[in-house]
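The block underneath contains the structure these notes are about, expressed in structure tokens.
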Amino acid sequence: MTDFPFLSILTLLPLVGAVVVALIPRQKAELAKTVALGWSLLVLALSIVMWIAFKVGGDRFQFRESYAWIPSWDARFTFAADGIALVMLMLIAILFPVVILASWHDVEKSNRSAPIYFSLLLVFEFTMIGVFAAADIFLFYVFFEIMLIPMYFIIGSFGGQRRQYAAVKFFLYSLVGGLFMLAAVIGLWVVGGNTFDFGRLTEIAGSIDQNTARWLFLGFFVAFAIKAPFFPFHTWLPDAGGAAPAGAAALLVGVMDKVGTFGILRYCLPLFPEASRWFAPAALVLGVIGIIYAALLAVGQNDLKRLVSYTSIAHFGFIGIGIFAFTSQAGTGSVLYMVNHGLATGLLFIVVGMFVARRGSNLISDFGGAGKLVPVLAGVFFFAGLASLALPGTAPFISEFLVLIGTFTVHPAYAVVATVGIILAAAYVLWMVQRTTQGNLNPALAEVPEMRKDITLREKVVVAPLILLIVLLGFYPKPVIDVINPAVEATMQDVGVQDPGPTAVVANERVAR
Amino acid sequence: MGDLKLPGIDYGALMPMLILFGAACVGILIEVFVPRRSRHVIQLSFAFLAVVASFVAVVVQHNTRKITIGGAVAVDGPTLFLQGSILALGLVSLMLIGERSIERGGPFVSQAAITVGSQKDLKQAGDQPGATEVYPLTIFALGGMLLFVAANDLLTMFIALEVFSLPLYLLCALARRRRLLSQEAALKYFLLGSYASAFFLFGVALIYGFAGGISLSQVHDAVADPQRSQVLLYGGMALIAMGLLFKAALAPFHVWTPDVYQGAPTPVTALMAACTKVAAFGALLRVLYVAFDGVRWDYQPVLGTIAVLTMFVGAVLAITQTDMKRLLAYSSIANAGYLLVGVLALNEEGLSSTMFYLVAYGFSVLAAFGIVTLVRDADGEATHLARWAGLGRKSPLFAAAFTFILLAFAGIPLTSGFTSKFAVFGAAIEGGQTWLVVFGVITSMLLAFPYLRVVVLLWLSEPNESTPTVSIPGFLTSAALVIGVVATLALGVVPAPLIDLSRDAAQFVR
């Protein structure tokens, strides 16, 4: 079963779908949507088969495939997935059908072409799967760059106000990061003996000259920090998240930004272990600043989509400190956080999109007491908010807790400051929910006819799987943790760090399991 | 004195050049004897035939490695690769030059002095399908370029420089639309070009004084001898470099580029941006790698500074442009900077990656200018950027092609722009020139902005009444566009064959 070329087929499948959808004439919008949805469900089905075929406790990298591409540079189409990549691929496969269904009526308000929109979403899925499945640094870089293009057009052509500005800012920021990484990729290729193969490069990782390794680390790190985004490279995200259609914004923060944190785990740490340890204090400080700073900004936002974008930056701070704490609990917590954040923030963005579609405005001040008009939708909104603030019983709680205890064993001070972020999270989420759905009904709101329509069947189908997964993983995260753990431990081994003192490890593991 | 010994001539090795020069002469005779009505078709097909035959001659002798006619011409890997590139790019340029269906009379005018729009002018456009002398001129220019990259002594190089420059000066002046701009551009190009040629010639004289000979191998041997005058060497080298840097449009010798690119008829601009660049860099490579190899540590920092300057000038000034042709001109200046980064790697990788870059960039830039010829209104080409707003809605196909080319210029993967940048930067790091790569990356970021601005204009802006139409291209322009776009895509996705070819060719004979 594992001989089946899962990863290459999984990567190419959405691209084929995108071409098919793009060829559907503009008038047949319903057909285009249905085909896009069906195609993304096909991808989901294949991912589930792959998940089952993945041998937990087997090799670190599985489903490896390699085909020649540019022999003189030794660039190859190499795909392989470890546990971290596998859970991310699964998250992508789940989120895309949900988002496609959630975006069903997004295009109708503008005069743009629906088949193009859904085709762009599938192209985006192709690049996202490719970037997580690649095990050749050249190939990874190619996907890392081209994923900007579909998202650029999604934001620029189908977004809300200030979409042009947001799209250009998004593209330029990412491109700047990408070009730093390009320099580092070329440098790595030269010092690494003209190869791009991830496996071979990790073998020689220790022998790179210390100074060179630090510069190369920086090149990769800046690209990933912009993508994630970490403070102070974050300013593009609120604009992009605010201007993108809600579904695309869910993908932007739910999946695309994970490329940054994934890249740090997959490439920065194993390839430049010494440099990673050397830069870790700086990265931890950036993470903690990000948590507090973005949370404070989120509290002050009046725009729902920008607010959710800021919460996301705060969450990426948690993921960042989890990665650079270099303990297996924190590392596992970070990866789990990546998955849970994708589900919870994805849900929050989608629900916000449902509100915005009804009201025709992103501004919190245009709402107020909406719960009286659409009680069920408000309830879902409240749930998504609680999941996002990591309420115990929802999935993000487990991961946030793992990150904090894993960090506490080595850097108690950072963990304590980061905990303040949890309090601020409660503040921004609850205040947002209160101003939007609770309290007195805003009279202007009652005059909008759409606001009288509570959650529809389609919307129920959209939110149900996400809610289900958030609750399920909140109570029983073991299947996911079992997949992540060996990969994270292998990564920590690459970095050359060990978990501190046995008593702490035993105690922490009891909590984790 | 007694008997004069004639140098051996290998006609086979010279065949590509002989074919073109012969064809150009025949072209002039056609101009004299063939009636005006049928000239265009005959000239065009004859020019095509000549370029294809010359290309075939290059392919046939792809294994030739020799120096012939008394050491004046070297036919080796780089020569043949670059000659093949010039011919391939020249063929596509000819398609753009030969297009007559977009505008009545074509982009060239035979008697520019006739008042624009007068009865006589309209009659001229109706009777005479363009100025057919452009074909022999183009063939002469291409022939000169072939000789330029093959020249093995400095005098031959100078002659080749003049042979390809003079027809280009003329071609620049022949635009049917905006004639004053075109003539001004030609005069500017001619004057500055003559200065550059004079500098080059003066440099050759100094080098002759230094080395006692003008063949590149003599210069190479002389450079290794510490007894000789260093003043003559560095003075001569600097002056020769000026001449070559001028043709390659490297800062601070780039100032002619935007004016000439803007004023020249767009097909000629395309020819200059693609083929002249190949020729200029081919000669620069040969001079630096073959003749002045021994003083590489002396010129590397100087030319490195010039590369950095060029990249910055091109990138920063591209941001401020409001005219599409000028924007592309500054972009081509910045690209010359990237090419120089590859040249300065000074290793085999540097040679092969620069040659790869030249081909990749040539096809992209031909397609870009090809699309510029199509975006027109009643006054000819609408090159002001603001006029392109919303073109994506009106003609999605052409806007998509142009966007793709712009992404290639920005170096986005799966386009030739990415693979070629990757190749030259990789070579430069391998050659120990990491600082150049750092500046290359920084300027790439700057340069992405103007390209992105155009993409925004094309797709995200609403079209207004002044948005011009995209003319339906004739067969020739369509073919040129398809070739340019397909080459840009193919060299981005499967670059391996051309990379291998350039690697196999990357060895100069001395």
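Every chain in the structure tokens has a letter given in the order shown (A, B, ...), and although residue numbers restart at 1 in each chain, ligands are simply numbered from 1 in the order shown.
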(request) Pick out the chain B residues within 7 Å of chain A. Count only C-alpha atoms. Give them as a VMD selection string. (result) chain B and resid 412 to 413 426 429 to 430 441 445 460 495 to 496 500
Could you write out the selected residues, including N, CA and C atoms, as a PDB file, in the first residue's frame?
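Everything below was put into out-v9.pdb:
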```pdb
ATOM      1  N   ILE B 412       9.767  34.523 -10.393  1.00  0.00           N
ATOM      2  CA  ILE B 412       8.895  33.567  -9.710  1.00  0.00           C
ATOM      3  C   ILE B 412       9.163  32.171 -10.288  1.00  0.00           C
ATOM      4  N   PRO B 413       9.228  31.139  -9.458  1.00  0.00           N
ATOM      5  CA  PRO B 413       9.517  29.791  -9.963  1.00  0.00           C
ATOM      6  C   PRO B 413       8.529  29.326 -11.029  1.00  0.00           C
ATOM      7  N   GLY B 426      23.859  31.046  -8.236  1.00  0.00           N
ATOM      8  CA  GLY B 426      24.591  29.858  -7.780  1.00  0.00           C
ATOM      9  C   GLY B 426      26.040  29.917  -8.235  1.00  0.00           C
ATOM     10  N   ILE B 429      27.994  32.523  -6.157  1.00  0.00           N
ATOM     11  CA  ILE B 429      28.384  32.086  -4.806  1.00  0.00           C
ATOM     12  C   ILE B 429      29.532  31.086  -4.906  1.00  0.00           C
ATOM     13  N   GLU B 430      29.435  30.206  -5.896  1.00  0.00           N
ATOM     14  CA  GLU B 430      30.501  29.236  -6.080  1.00  0.00           C
ATOM     15  C   GLU B 430      31.818  29.946  -6.410  1.00  0.00           C
ATOM     16  N   VAL B 441      19.775  39.886  -4.708  1.00  0.00           N
ATOM     17  CA  VAL B 441      18.516  39.528  -4.058  1.00  0.00           C
ATOM     18  C   VAL B 441      17.773  40.783  -3.612  1.00  0.00           C
ATOM     19  N   MET B 445      14.023  42.289  -4.994  1.00  0.00           N
ATOM     20  CA  MET B 445      12.847  42.690  -4.209  1.00  0.00           C
ATOM     21  C   MET B 445      12.325  44.027  -4.702  1.00  0.00           C
ATOM     22  N   LEU B 460      -6.535  44.244 -11.484  1.00  0.00           N
ATOM     23  CA  LEU B 460      -7.343  44.661 -10.346  1.00  0.00           C
ATOM     24  C   LEU B 460      -7.980  46.028 -10.561  1.00  0.00           C
ATOM     25  N   PRO B 495      14.350  23.055 -17.569  1.00  0.00           N
ATOM     26  CA  PRO B 495      15.516  23.761 -18.091  1.00  0.00           C
ATOM     27  C   PRO B 495      16.686  22.833 -18.376  1.00  0.00           C
ATOM     28  N   ALA B 496      16.577  21.581 -17.956  1.00  0.00           N
ATOM     29  CA  ALA B 496      17.745  20.696 -17.977  1.00  0.00           C
ATOM     30  C   ALA B 496      18.437  20.619 -19.347  1.00  0.00           C
ATOM     31  N   ASP B 500      22.308  21.772 -19.791  1.00  0.00           N
ATOM     32  CA  ASP B 500      23.355  20.825 -20.168  1.00  0.00           C
ATOM     33  C   ASP B 500      24.082  21.305 -21.418  1.00  0.00           C
TER      34      ASP B 500
END
```
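The neighbours of Leu251 (chain A) here are the residues that come within 8 Å of it, using only C-alpha atoms and leaving out any residue fewer than 6 positions away in the same chain; they are Leu95, Phe96, Val99 and Gly346 of chain A.
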(request) Might you pull out every residue within 6 Å of region 265-275 of chain B, with only C-alpha atoms counted and same-chain residues fewer than 5 positions away left off, and present them as a PyMOL selection string? (result) chain B and resi 86+93+96-97+175+362+366+369
Produce a file of the selected residues containing C-alpha atoms, as a PDB file, in the first residue's frame.
```pdb
ATOM      1  CA  ILE B  86      21.388  35.191 -31.502  1.00  0.00           C
ATOM      2  CA  SER B  93      12.554  39.379 -33.743  1.00  0.00           C
ATOM      3  CA  LEU B  96       7.867  41.034 -35.050  1.00  0.00           C
ATOM      4  CA  ILE B  97       9.681  43.199 -37.593  1.00  0.00           C
ATOM      5  CA  ALA B 175       9.344  54.380 -36.698  1.00  0.00           C
ATOM      6  CA  GLY B 362      15.874  37.052 -24.617  1.00  0.00           C
ATOM      7  CA  LEU B 366      10.749  39.413 -27.036  1.00  0.00           C
ATOM      8  CA  PHE B 369       7.737  43.804 -26.434  1.00  0.00           C
TER       9      PHE B 369
END
```
(request) Name the residues in contact with Leu86 (chain A) at a cut-off of 9 Å, using only C-alpha atoms, excluding same-chain residues fewer than 6 positions from it; report them as a ChimeraX atom specification. (result) /A:47,50-51,54,132-133,483-484
Hey, can you spit out that residue selection with C-alpha atoms as a JSON list (two decimals), in the first residue's frame?
```json
[["chain", "number", "residue", "atom", "x", "y", "z"],
["A", 47, "SER", "CA", -5.75, 11.86, 2.32],
["A", 50, "MET", "CA", -3.00, 7.94, 3.21],
["A", 51, "TRP", "CA", -3.49, 8.63, 6.89],
["A", 54, "PHE", "CA", 0.88, 5.79, 7.40],
["A", 132, "PHE", "CA", 4.14, 20.28, 2.74],
["A", 133, "ALA", "CA", 4.84, 17.15, 0.72],
["A", 483, "VAL", "CA", 1.69, 10.65, 14.66],
["A", 484, "ILE", "CA", 3.38, 13.92, 15.60]]
```
(message) So that I can see what lies close to Tyr169 (chain B), please list as a PyMOL selection string the residues with an atom at most 8 Å from it, counting only C-alpha atoms and leaving out residues fewer than 6 positions away in the same chain.
(response) chain B and resi 186-187+189-190
(message) Can you tell me which residues surround Leu120 (chain A) at a distance of at most 12 Å, considering only C-alpha atoms, apart from same-chain residues fewer than 3 positions away, and format the answer as a count of residues only?
(response) 37
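Taking CA of Val456 (chain B) and CA of Leu237 (chain A) as endpoints, the distance between them is 19.1 Å.
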(message) List the spatial neighbours of Gly360 (chain A) as a ChimeraX atom specification - criterion: any atom at most 12 Å away, only C-alpha atoms, same-chain residues fewer than 2 positions off excluded.
(response) /A:106,109,160-161,352-358,362-364,366-367,445,448-451
(message) According to DSSP computed on the backbone, where in region 101-190 of chain A is there alpha helix (DSSP H)? Give the residues as an NGL selection string.
(response) :A and (101-102 or 114-133 or 137-146 or 148-158 or 163-190)
(request) Would you please work out which residue, of A:Phe262, A:Phe326, A:Trp431, A:Phe397, is nearest to Gln493 (chain A) when using only C-alpha atoms? (result) A:Phe326
(request) Take CA of Val134 (chain B) and CA of Asn335 (chain B) and report the distance between them in Å, one decimal. (result) 27.5 Å
